[in-house]
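Just work-v6.txt here, compact mmCIF, C-alpha atoms and all ligand atoms:
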# COMPACT_ATOMS: atom_id res chain seq x y z
CA MET A 1 -26.98 -7.00 17.92
CA ILE A 2 -23.87 -6.34 15.82
CA ASN A 3 -22.40 -8.87 13.37
CA PRO A 4 -19.61 -10.56 15.38
CA THR A 5 -17.24 -10.36 12.39
CA LEU A 6 -17.57 -6.58 12.56
CA ALA A 7 -17.51 -6.40 16.34
CA GLU A 8 -14.24 -8.38 16.50
CA MET A 9 -12.54 -6.32 13.86
CA ALA A 10 -9.68 -4.04 14.89
CA THR A 11 -9.95 -0.38 13.88
CA TYR A 12 -9.10 0.01 10.17
CA PRO A 13 -5.39 0.78 10.40
CA PHE A 14 -5.54 4.14 8.65
CA VAL A 15 -8.16 5.41 11.08
CA ARG A 16 -5.46 5.17 13.78
CA LEU A 17 -2.99 7.13 11.64
CA GLU A 18 -5.60 9.79 10.95
CA GLU A 19 -6.18 10.11 14.71
CA ALA A 20 -2.42 10.63 15.24
CA ARG A 21 -2.37 13.26 12.48
CA ARG A 22 -5.30 15.18 13.98
CA ARG A 23 -3.69 15.14 17.42
CA LEU A 24 -0.44 16.58 16.05
CA VAL A 25 -2.21 19.24 13.99
CA ALA A 26 -4.22 20.27 17.10
CA GLU A 27 -0.88 20.66 18.94
CA GLY A 28 0.26 23.03 16.19
CA VAL A 29 2.80 20.64 14.63
CA ASP A 30 3.50 21.12 10.91
CA VAL A 31 2.83 17.56 9.80
CA VAL A 32 4.24 15.77 6.73
CA ASP A 33 1.97 12.79 6.26
CA PHE A 34 3.50 9.76 4.52
CA GLY A 35 0.83 7.53 6.13
CA LYS A 36 -2.27 6.87 4.05
CA GLY A 37 -1.79 6.12 0.34
CA ASP A 38 -4.22 8.76 -0.92
CA PRO A 39 -2.54 10.74 -3.73
CA ASN A 40 -2.40 14.50 -3.29
CA GLU A 41 -1.71 14.93 -6.99
CA PRO A 42 -4.18 17.06 -8.95
CA THR A 43 -6.60 15.22 -11.22
CA ASP A 44 -5.75 16.28 -14.77
CA PRO A 45 -7.90 19.21 -16.08
CA ILE A 46 -9.12 17.20 -19.09
CA ILE A 47 -10.63 14.64 -16.71
CA ARG A 48 -12.17 17.23 -14.41
CA GLN A 49 -13.64 19.06 -17.41
CA ALA A 50 -15.09 15.81 -18.77
CA LEU A 51 -16.82 15.29 -15.43
CA VAL A 52 -18.25 18.82 -15.38
CA ASP A 53 -19.44 18.52 -18.99
CA ALA A 54 -21.16 15.24 -18.20
CA VAL A 55 -23.25 16.38 -15.23
CA PRO A 56 -26.83 16.17 -16.55
CA GLU A 57 -29.97 17.93 -15.44
CA ARG A 58 -31.13 14.66 -13.94
CA SER A 59 -28.84 11.77 -13.08
CA PRO A 60 -30.63 8.40 -13.17
CA TYR A 61 -29.50 5.28 -11.35
CA PRO A 62 -26.38 4.00 -13.11
CA LEU A 63 -26.65 0.42 -14.43
CA ALA A 64 -24.31 -2.26 -13.08
CA GLN A 65 -23.04 -3.08 -16.56
CA GLY A 66 -21.86 0.53 -16.99
CA LEU A 67 -21.85 2.68 -20.12
CA PRO A 68 -20.70 0.85 -23.27
CA GLU A 69 -18.23 3.73 -23.87
CA LEU A 70 -16.55 3.02 -20.55
CA ARG A 71 -16.31 -0.73 -21.14
CA GLU A 72 -14.84 -0.01 -24.60
CA ALA A 73 -12.33 2.43 -23.10
CA ALA A 74 -11.27 -0.11 -20.47
CA ALA A 75 -10.92 -2.89 -23.07
CA GLY A 76 -8.96 -0.56 -25.37
CA TRP A 77 -6.60 0.27 -22.51
CA CYS A 78 -6.08 -3.46 -21.73
CA ARG A 79 -5.18 -3.98 -25.40
CA ARG A 80 -2.78 -1.03 -25.65
CA ARG A 81 -1.14 -1.52 -22.28
CA PHE A 82 -0.94 -5.32 -22.03
CA GLY A 83 -1.78 -6.62 -25.51
CA ALA A 84 -4.80 -8.36 -23.93
CA ASP A 85 -7.92 -9.09 -25.91
CA VAL A 86 -10.76 -8.49 -23.45
CA ASP A 87 -14.38 -8.43 -24.67
CA PRO A 88 -15.98 -5.19 -23.40
CA ASP A 89 -19.46 -6.71 -23.33
CA THR A 90 -18.81 -10.03 -21.62
CA GLU A 91 -15.49 -9.66 -19.79
CA ILE A 92 -15.57 -6.19 -18.19
CA VAL A 93 -17.65 -4.63 -15.47
CA PRO A 94 -17.05 -1.10 -14.07
CA THR A 95 -16.59 -0.80 -10.32
CA TYR A 96 -16.86 1.95 -7.72
CA GLY A 97 -13.09 2.23 -7.33
CA SER A 98 -11.78 -1.25 -6.65
CA LYS A 99 -12.13 -1.56 -2.88
CA GLU A 100 -15.83 -2.49 -2.80
CA ALA A 101 -15.37 -5.05 -5.57
CA ILE A 102 -12.34 -6.54 -3.80
CA PHE A 103 -14.32 -6.71 -0.56
CA SER A 104 -17.34 -8.41 -2.09
CA LEU A 105 -15.58 -10.90 -4.40
CA ALA A 106 -15.59 -13.62 -1.73
CA GLN A 107 -19.38 -13.30 -1.59
CA VAL A 108 -19.73 -13.59 -5.36
CA LEU A 109 -17.59 -16.75 -5.55
CA ASP A 110 -18.35 -20.00 -3.73
CA THR A 111 -16.04 -19.41 -0.76
CA ALA A 112 -18.21 -19.93 2.35
CA GLY A 113 -16.55 -22.53 4.58
CA ARG A 114 -13.58 -22.72 2.17
CA THR A 115 -10.23 -20.97 2.27
CA VAL A 116 -9.24 -17.57 0.91
CA VAL A 117 -5.48 -17.10 0.65
CA PHE A 118 -3.32 -13.99 0.40
CA GLY A 119 0.21 -12.96 1.20
CA GLU A 120 1.02 -10.68 4.11
CA PRO A 121 1.90 -7.89 4.72
CA ALA A 122 -1.24 -6.93 2.80
CA TYR A 123 -3.87 -4.37 2.01
CA PRO A 124 -6.50 -5.23 4.69
CA VAL A 125 -9.53 -5.67 2.44
CA TYR A 126 -8.88 -9.22 1.18
CA GLU A 127 -9.15 -10.52 4.74
CA ARG A 128 -12.18 -8.49 5.67
CA GLY A 129 -14.06 -9.50 2.55
CA ALA A 130 -13.30 -13.18 3.16
CA LEU A 131 -14.42 -13.07 6.81
CA PHE A 132 -17.71 -11.33 6.02
CA ALA A 133 -18.35 -13.99 3.36
CA GLY A 134 -17.93 -16.77 5.94
CA ALA A 135 -14.68 -18.04 4.41
CA ARG A 136 -11.56 -19.10 6.28
CA VAL A 137 -8.47 -17.00 5.85
CA HIS A 138 -4.99 -18.40 5.28
CA THR A 139 -2.05 -16.02 4.94
CA LEU A 140 1.31 -16.73 3.33
CA PRO A 141 4.29 -14.73 4.56
CA LEU A 142 5.87 -12.46 1.95
CA ARG A 143 9.58 -12.35 2.61
CA ARG A 144 12.42 -10.38 1.24
CA GLU A 145 14.42 -13.50 0.33
CA ASN A 146 11.53 -14.61 -1.95
CA GLY A 147 11.13 -11.21 -3.61
CA PHE A 148 7.96 -10.72 -1.50
CA LEU A 149 6.21 -13.40 -3.61
CA PRO A 150 4.11 -16.11 -1.90
CA ASP A 151 5.11 -19.78 -2.00
CA ILE A 152 2.61 -21.28 -4.46
CA GLU A 153 3.30 -24.77 -3.06
CA ALA A 154 2.06 -23.63 0.36
CA ILE A 155 -1.50 -22.86 -0.87
CA PRO A 156 -3.80 -25.19 1.15
CA ASP A 157 -5.91 -27.88 -0.54
CA ASP A 158 -9.40 -26.51 0.13
CA THR A 159 -8.57 -23.09 -1.31
CA ALA A 160 -11.30 -21.36 -3.32
CA LEU A 161 -9.61 -18.01 -3.97
CA VAL A 162 -6.05 -16.66 -3.95
CA TRP A 163 -5.36 -12.91 -3.90
CA VAL A 164 -2.21 -11.41 -5.33
CA ASN A 165 -1.32 -7.73 -5.53
CA TYR A 166 1.63 -6.64 -7.66
CA PRO A 167 3.11 -4.09 -7.76
CA HIS A 168 2.65 -4.72 -4.08
CA ASN A 169 1.27 -2.52 -1.35
CA PRO A 170 3.11 -2.05 1.01
CA THR A 171 6.49 -3.34 -0.26
CA GLY A 172 6.53 -1.94 -3.82
CA ALA A 173 7.68 -5.37 -5.09
CA VAL A 174 6.85 -6.38 -8.67
CA ALA A 175 5.90 -9.94 -9.75
CA PRO A 176 7.44 -11.33 -12.94
CA LEU A 177 5.11 -12.74 -15.61
CA GLU A 178 6.62 -16.17 -14.96
CA PHE A 179 5.18 -16.07 -11.38
CA TYR A 180 1.71 -15.34 -12.78
CA GLU A 181 2.08 -18.24 -15.22
CA ARG A 182 2.97 -20.67 -12.42
CA LEU A 183 0.10 -19.38 -10.28
CA ALA A 184 -2.43 -19.80 -13.12
CA GLU A 185 -1.16 -23.35 -13.73
CA ALA A 186 -1.60 -24.17 -10.03
CA ALA A 187 -5.11 -22.64 -10.14
CA ALA A 188 -6.10 -24.93 -13.01
CA ALA A 189 -4.50 -28.01 -11.47
CA ARG A 190 -5.93 -27.41 -7.99
CA ASP A 191 -9.25 -25.80 -8.81
CA PHE A 192 -9.01 -22.32 -7.31
CA VAL A 193 -9.53 -18.82 -8.71
CA VAL A 194 -6.85 -16.11 -8.70
CA ALA A 195 -7.79 -12.49 -8.07
CA SER A 196 -5.09 -10.03 -9.10
CA ASP A 197 -5.36 -6.59 -7.53
CA GLU A 198 -3.42 -4.43 -10.00
CA ALA A 199 -4.11 -0.99 -8.49
CA TYR A 200 -0.45 0.07 -8.89
CA THR A 201 0.60 -1.24 -12.32
CA GLU A 202 0.90 2.31 -13.67
CA LEU A 203 3.13 3.75 -10.93
CA TRP A 204 6.48 2.39 -12.15
CA PHE A 205 9.90 3.96 -12.58
CA ASP A 206 12.22 1.71 -14.60
CA GLN A 207 10.23 -0.97 -16.33
CA SER A 208 6.45 -1.23 -16.71
CA PRO A 209 5.17 -4.19 -14.63
CA PRO A 210 3.30 -7.13 -16.17
CA SER A 211 -0.36 -8.04 -15.61
CA MET A 212 -2.26 -11.29 -15.26
CA LEU A 213 -4.16 -10.00 -18.32
CA GLN A 214 -1.12 -11.06 -20.37
CA LEU A 215 -1.67 -14.78 -19.71
CA ALA A 216 -2.80 -16.91 -22.64
CA ASP A 217 -5.27 -18.75 -20.37
CA ARG A 218 -7.25 -16.29 -18.22
CA SER A 219 -10.07 -18.73 -17.44
CA ARG A 220 -9.42 -18.60 -13.67
CA THR A 221 -8.13 -15.06 -13.40
CA ILE A 222 -9.93 -11.94 -12.18
CA VAL A 223 -8.08 -8.65 -12.61
CA PHE A 224 -8.97 -5.49 -10.65
CA GLN A 225 -7.95 -2.13 -12.09
CA THR A 226 -8.62 1.38 -10.84
CA LEU A 227 -8.13 5.01 -11.79
CA SER A 228 -7.39 5.93 -8.18
CA LYS A 229 -3.59 5.84 -8.38
CA ARG A 230 -3.00 5.89 -12.14
CA SER A 231 -5.01 9.08 -12.60
CA SER A 232 -5.07 10.41 -9.01
CA MET A 233 -8.85 9.93 -8.89
CA THR A 234 -9.40 8.32 -5.47
CA GLY A 235 -12.45 10.46 -4.74
CA TYR A 236 -14.13 9.77 -8.08
CA ARG A 237 -14.41 6.02 -7.30
CA SER A 238 -13.84 4.37 -10.65
CA GLY A 239 -12.25 1.10 -11.70
CA PHE A 240 -13.13 -2.11 -13.50
CA VAL A 241 -12.93 -5.86 -13.20
CA ALA A 242 -11.74 -7.92 -16.16
CA ALA A 243 -12.73 -11.57 -15.78
CA PRO A 244 -14.08 -14.59 -17.67
CA PRO A 245 -17.70 -14.19 -18.89
CA GLU A 246 -19.11 -16.53 -16.23
CA ILE A 247 -17.69 -14.36 -13.45
CA VAL A 248 -18.62 -11.08 -15.14
CA SER A 249 -22.24 -12.28 -15.46
CA ALA A 250 -22.21 -13.21 -11.77
CA LEU A 251 -20.93 -9.73 -10.93
CA LYS A 252 -23.62 -8.14 -13.10
CA ALA A 253 -26.21 -10.20 -11.20
CA TYR A 254 -24.78 -9.38 -7.75
CA ARG A 255 -23.87 -5.72 -8.09
CA PRO A 256 -27.36 -4.16 -8.58
CA THR A 257 -28.23 -5.49 -5.11
CA VAL A 258 -25.33 -3.56 -3.59
CA GLY A 259 -25.78 -0.49 -5.80
CA THR A 260 -22.12 0.31 -6.36
CA ALA A 261 -22.02 1.36 -10.03
CA PRO A 262 -20.08 4.63 -10.53
CA GLN A 263 -22.22 7.67 -11.36
CA GLU A 264 -22.54 8.16 -15.12
CA PHE A 265 -20.76 11.53 -15.03
CA VAL A 266 -17.85 9.78 -13.29
CA GLN A 267 -17.97 7.05 -15.93
CA ARG A 268 -17.72 9.69 -18.69
CA ALA A 269 -14.72 11.32 -16.99
CA SER A 270 -13.23 7.81 -16.66
CA VAL A 271 -13.49 7.26 -20.43
CA VAL A 272 -11.26 10.31 -20.89
CA ALA A 273 -8.86 9.08 -18.20
CA TRP A 274 -8.41 5.55 -19.65
CA ASN A 275 -7.88 7.01 -23.14
CA ASP A 276 -5.09 9.37 -22.11
CA GLU A 277 -1.51 8.43 -21.18
CA ARG A 278 0.03 11.91 -21.13
CA HIS A 279 -1.28 12.65 -17.65
CA VAL A 280 -0.08 9.24 -16.43
CA ASP A 281 3.45 9.98 -17.70
CA GLU A 282 3.29 13.28 -15.83
CA THR A 283 2.08 11.54 -12.68
CA ARG A 284 4.98 9.08 -12.84
CA ALA A 285 7.39 12.00 -13.29
CA ARG A 286 5.99 13.67 -10.17
CA TYR A 287 6.45 10.53 -8.08
CA ARG A 288 9.92 10.07 -9.55
CA ALA A 289 10.88 13.59 -8.42
CA LYS A 290 9.71 12.76 -4.89
CA ARG A 291 11.67 9.50 -4.91
CA ASP A 292 14.73 11.48 -6.00
CA VAL A 293 14.36 13.59 -2.84
CA MET A 294 13.36 10.90 -0.35
CA ILE A 295 15.54 7.93 -1.37
CA PRO A 296 18.86 9.75 -0.74
CA ALA A 297 17.46 11.32 2.47
CA ILE A 298 16.46 7.88 3.82
CA GLU A 299 19.68 6.20 2.72
CA ALA A 300 21.76 8.98 4.28
CA LYS A 301 20.34 7.90 7.65
CA GLY A 302 21.78 4.43 7.13
CA TRP A 303 18.25 3.02 6.71
CA GLU A 304 17.73 0.43 3.99
CA ILE A 305 15.13 0.69 1.23
CA VAL A 306 13.91 -2.77 0.19
CA ALA A 307 11.88 -3.74 -2.95
CA SER A 308 10.10 -0.41 -3.71
CA GLU A 309 10.55 -0.79 -7.50
CA ALA A 310 7.03 0.45 -8.26
CA THR A 311 3.97 1.97 -6.49
CA MET A 312 4.03 5.20 -4.50
CA TYR A 313 5.61 3.41 -1.53
CA LEU A 314 9.07 3.06 -0.06
CA TRP A 315 9.50 0.01 2.20
CA VAL A 316 12.21 0.83 4.66
CA ILE A 317 14.17 -0.96 7.38
CA GLY A 318 15.47 1.18 10.21
CA PRO A 319 13.33 4.19 11.15
CA ASP A 320 11.42 4.33 14.44
CA PRO A 321 7.88 5.49 13.54
CA GLU A 322 7.32 6.98 17.01
CA ALA A 323 10.52 9.07 16.79
CA LEU A 324 9.46 10.32 13.34
CA LEU A 325 5.99 11.14 14.67
CA GLU A 326 7.52 13.39 17.33
CA ARG A 327 9.13 15.41 14.54
CA GLY A 328 5.82 15.64 12.63
CA ILE A 329 6.59 12.92 10.06
CA ILE A 330 3.87 10.30 9.81
CA VAL A 331 4.74 6.88 8.35
CA SER A 332 2.98 3.52 8.59
CA PRO A 333 4.59 0.90 10.84
CA GLY A 334 5.05 -2.25 8.74
CA GLU A 335 3.21 -4.54 11.17
CA MET A 336 0.04 -2.58 10.39
CA PHE A 337 -0.07 -4.68 7.19
CA GLY A 338 0.56 -8.03 8.88
CA PRO A 339 3.11 -9.76 11.13
CA SER A 340 5.68 -10.17 8.32
CA GLY A 341 5.77 -6.37 8.05
CA ALA A 342 7.44 -6.09 11.47
CA GLY A 343 10.75 -4.27 11.32
CA TYR A 344 9.75 -2.20 8.28
CA VAL A 345 8.00 1.13 7.84
CA ARG A 346 6.14 2.32 4.76
CA PHE A 347 6.55 5.82 3.37
CA ALA A 348 3.66 6.67 1.02
CA LEU A 349 5.05 9.40 -1.25
CA VAL A 350 1.81 11.37 -1.20
CA PRO A 351 3.03 14.68 0.29
CA THR A 352 3.95 17.39 -2.23
CA LEU A 353 7.51 17.70 -3.54
CA ASP A 354 8.04 20.71 -1.25
CA GLU A 355 6.79 18.74 1.75
CA CYS A 356 9.16 15.90 0.79
CA ARG A 357 12.03 18.41 0.76
CA ARG A 358 10.97 19.63 4.19
CA ALA A 359 10.80 16.03 5.47
CA ALA A 360 14.26 15.34 4.00
CA ALA A 361 15.61 18.35 5.91
CA ILE A 362 14.00 17.10 9.14
CA LEU A 363 15.51 13.64 8.60
CA ALA A 364 18.94 15.18 8.08
CA GLU A 365 18.68 16.85 11.51
CA LEU A 366 17.45 13.75 13.38
C1 LIG B 1 -3.48 -2.70 -2.87
C2 LIG B 1 -4.67 -1.84 -3.08
N1 LIG B 1 -5.71 -2.33 -3.76
C3 LIG B 1 -6.82 -1.62 -3.95
C4 LIG B 1 -6.94 -0.35 -3.46
C5 LIG B 1 -8.25 0.33 -3.66
O1 LIG B 1 -8.24 1.49 -4.29
P1 LIG B 1 -9.57 2.09 -4.91
O2 LIG B 1 -10.76 1.53 -4.21
O3 LIG B 1 -9.44 3.55 -4.68
O4 LIG B 1 -9.56 1.69 -6.35
C6 LIG B 1 -5.89 0.22 -2.74
C7 LIG B 1 -6.02 1.55 -2.17
O5 LIG B 1 -5.21 2.07 -1.45
C8 LIG B 1 -4.73 -0.55 -2.54
O6 LIG B 1 -3.68 -0.08 -1.85

Please express what this file holds, its structure, as structure tokens.
Amino acid sequence: MINPTLAEMATYPFVRLEEARRRLVAEGVDVVDFGKGDPNEPTDPIIRQALVDAVPERSPYPLAQGLPELREAAAGWCRRRFGADVDPDTEIVPTYGSKEAIFSLAQVLDTAGRTVVFGEPAYPVYERGALFAGARVHTLPLRRENGFLPDIEAIPDDTALVWVNYPHNPTGAVAPLEFYERLAEAAAARDFVVASDEAYTELWFDQSPPSMLQLADRSRTIVFQTLSKRSSMTGYRSGFVAAPPEIVSALKAYRPTVGTAPQEFVQRASVVAWNDERHVDETRARYRAKRDVMIPAIEAKGWEIVASEATMYLWVIGPDPEALLERGIIVSPGEMFGPSGAGYVRFALVPTLDECRRAAAILAEL
């Protein structure tokens, strides 16, 4: 009765962490949850107010193409942030966050019976989307000695789609522009499309990371952006895809069937979010303050922090997740993100600064 792809699927990893959290809370443990990457930061008041002001008496079905104001705001942001010239009418489509669009991309492209490639450890949605689309999955190990970048030479011949995600969840590694250039050249030479999941480009601490939007030739490149982490708007569900016109028209044809356009009041709040950088600077400062508490606390244990240049994550060798759980500290075991994650744990710096201080004190006593 049930689709075998669904029936064979393991529980979504974060569901297991949530179960562990609930169990501990029921036992009366004061939990500090570094598990799921859902920001606890407040959404800036100017964005919340824009949402409230935009709630109409009647809210019609939103159109897949989105409000022109939102497409303009997204294109303007691409120009300011990456110097990229993206046409708001033909090269941008708003998405309901980025997860649903990431999941369904393999259905929009001609991937059935062909190969979808991504590096692991990975965000689980690339694989799930590929399997539901009837594609084969091929993973490339992301290793420390290669800067957690995949080996472009190892991409198989029948590949239709390659996913990359930098700054990377879960390792926090950043890809240099030169890597994107080589990947785009391989895509042209070997006839595949590159999808770049750029959910974390705005959570950086030293140097702002590059984007595939900066490439001179973007004819085989699809970029996914989202307000979830940049503007702490996970619950709003708002992002966009920037892609060549042929792919954007395909998305505009596909998406009304699925019905995943963001509500117009969310789109209007998103216009305000994309047009403001002050709140993003403040968000980075908040994560930086948490890093300043957690990095020394982790290093004082003799554990090693690897990559972790950007994103809200610290990728750490050494801690035992079960031992931390007993003390009320929830982290994600690295193998949750794929076999190459074994031996690492991921701290998502989503607890408040005070909770981070409490966790640091607990670590000091371990
Ligand atoms: C790597 C990566 N991509 C995409 C997303 C999707 O985020 P959203 O659907 O909220 O835009 C996440 C969320 O955690 C993520 O970690």

Could you tell me how far CA of Met312 in chain A sits from atom C5 of ligand LIG 1 (chain B), in Å to one decimal place? 13.2 Å

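Ranking A:Val117, A:Met9, A:Val271, A:Val306 by their shortest atom-to-atom distance to Phe148 in chain A, with all atoms listed in the file included, puts A:Val306 first.
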
Could you tell me how far CA of Val223 in chain A lies from CA of Ala195 in chain A, in Å and to one decimal? 6.0 Å

Between A:Gly35, A:Pro4, A:Gly134, A:Gly302, which has the minimum distance to ligand LIG 1 (chain B) (counting only C-alpha atoms and all ligand atoms)? A:Gly35

Can you work out which residues are within 10 Å of ligand LIG 1 (chain B), considering only C-alpha atoms and all ligand atoms, and then hand them over as a ChimeraX atom specification? /A:36-39,95-103,122-126,164-170,196-200,224-230,232-240,311-313

Could you list as number ranges by chain every residue that has an atom within 12 Å of (-3.0, -24.9, -11.3), using the file's coordinates and counting only C-alpha atoms? A: 152-153, 155, 157, 159, 162, 180-194, 217-221

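If all atoms listed in the file are the atoms counted, then among A:Ala20, A:Leu215, A:Val32, A:Val248 the closest residue to Asp89 in chain A is A:Val248.
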
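One distance worth recording is that between CA of Glu18 in chain A and CA of Ser332 in chain A, which is 10.9 Å.
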
Any chance you could work out the axis-aligned box around range 179-189 of chain A, listed atoms only, 4 Å on each side, giving centre and edge lengths in Å to one decimal, as AutoDock Vina command-line options?
--center_x -0.5 --center_y -21.7 --center_z -12.6 --size_x 19.3 --size_y 20.7 --size_z 13.2

Which of A:Asp87, A:Glu19, A:Asp354, A:Glu120 sits closest to Thr171 in chain A [using all atoms listed in the file]: A:Glu120

Is there a way to get, as a count of residues only, all residues within 9 Å of the point (-23.4, 2.2, -6.4) in file coordinates, counting only C-alpha atoms? 14

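Minimum atom-to-atom distance to Phe337 in chain A, evaluated using all atoms listed in the file, belongs to A:Thr139 out of A:Ile298, A:Asn40, A:Thr139, A:Ala112.
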
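Closest approach to Leu213 in chain A among A:Leu314, A:Ala160, A:Ala75, A:Ile330 is made by A:Ala75 (distances from all atoms listed in the file).
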
If we count all atoms listed in the file, what is near Ser211 in chain A at a cut-off of 8 Å, once residues fewer than 6 positions away on the same chain are taken out, given as a PDB file with C-alpha atoms, keeping the file's coordinate frame?
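Final file, result-v8.pdb:
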ATOM      1  CA  PHE A  82      -0.940  -5.320 -22.030  1.00  0.00           C
ATOM      2  CA  LEU A 177       5.110 -12.740 -15.610  1.00  0.00           C
ATOM      3  CA  GLU A 198      -3.420  -4.430 -10.000  1.00  0.00           C
ATOM      4  CA  THR A 201       0.600  -1.240 -12.320  1.00  0.00           C
TER       5      THR A 201
END
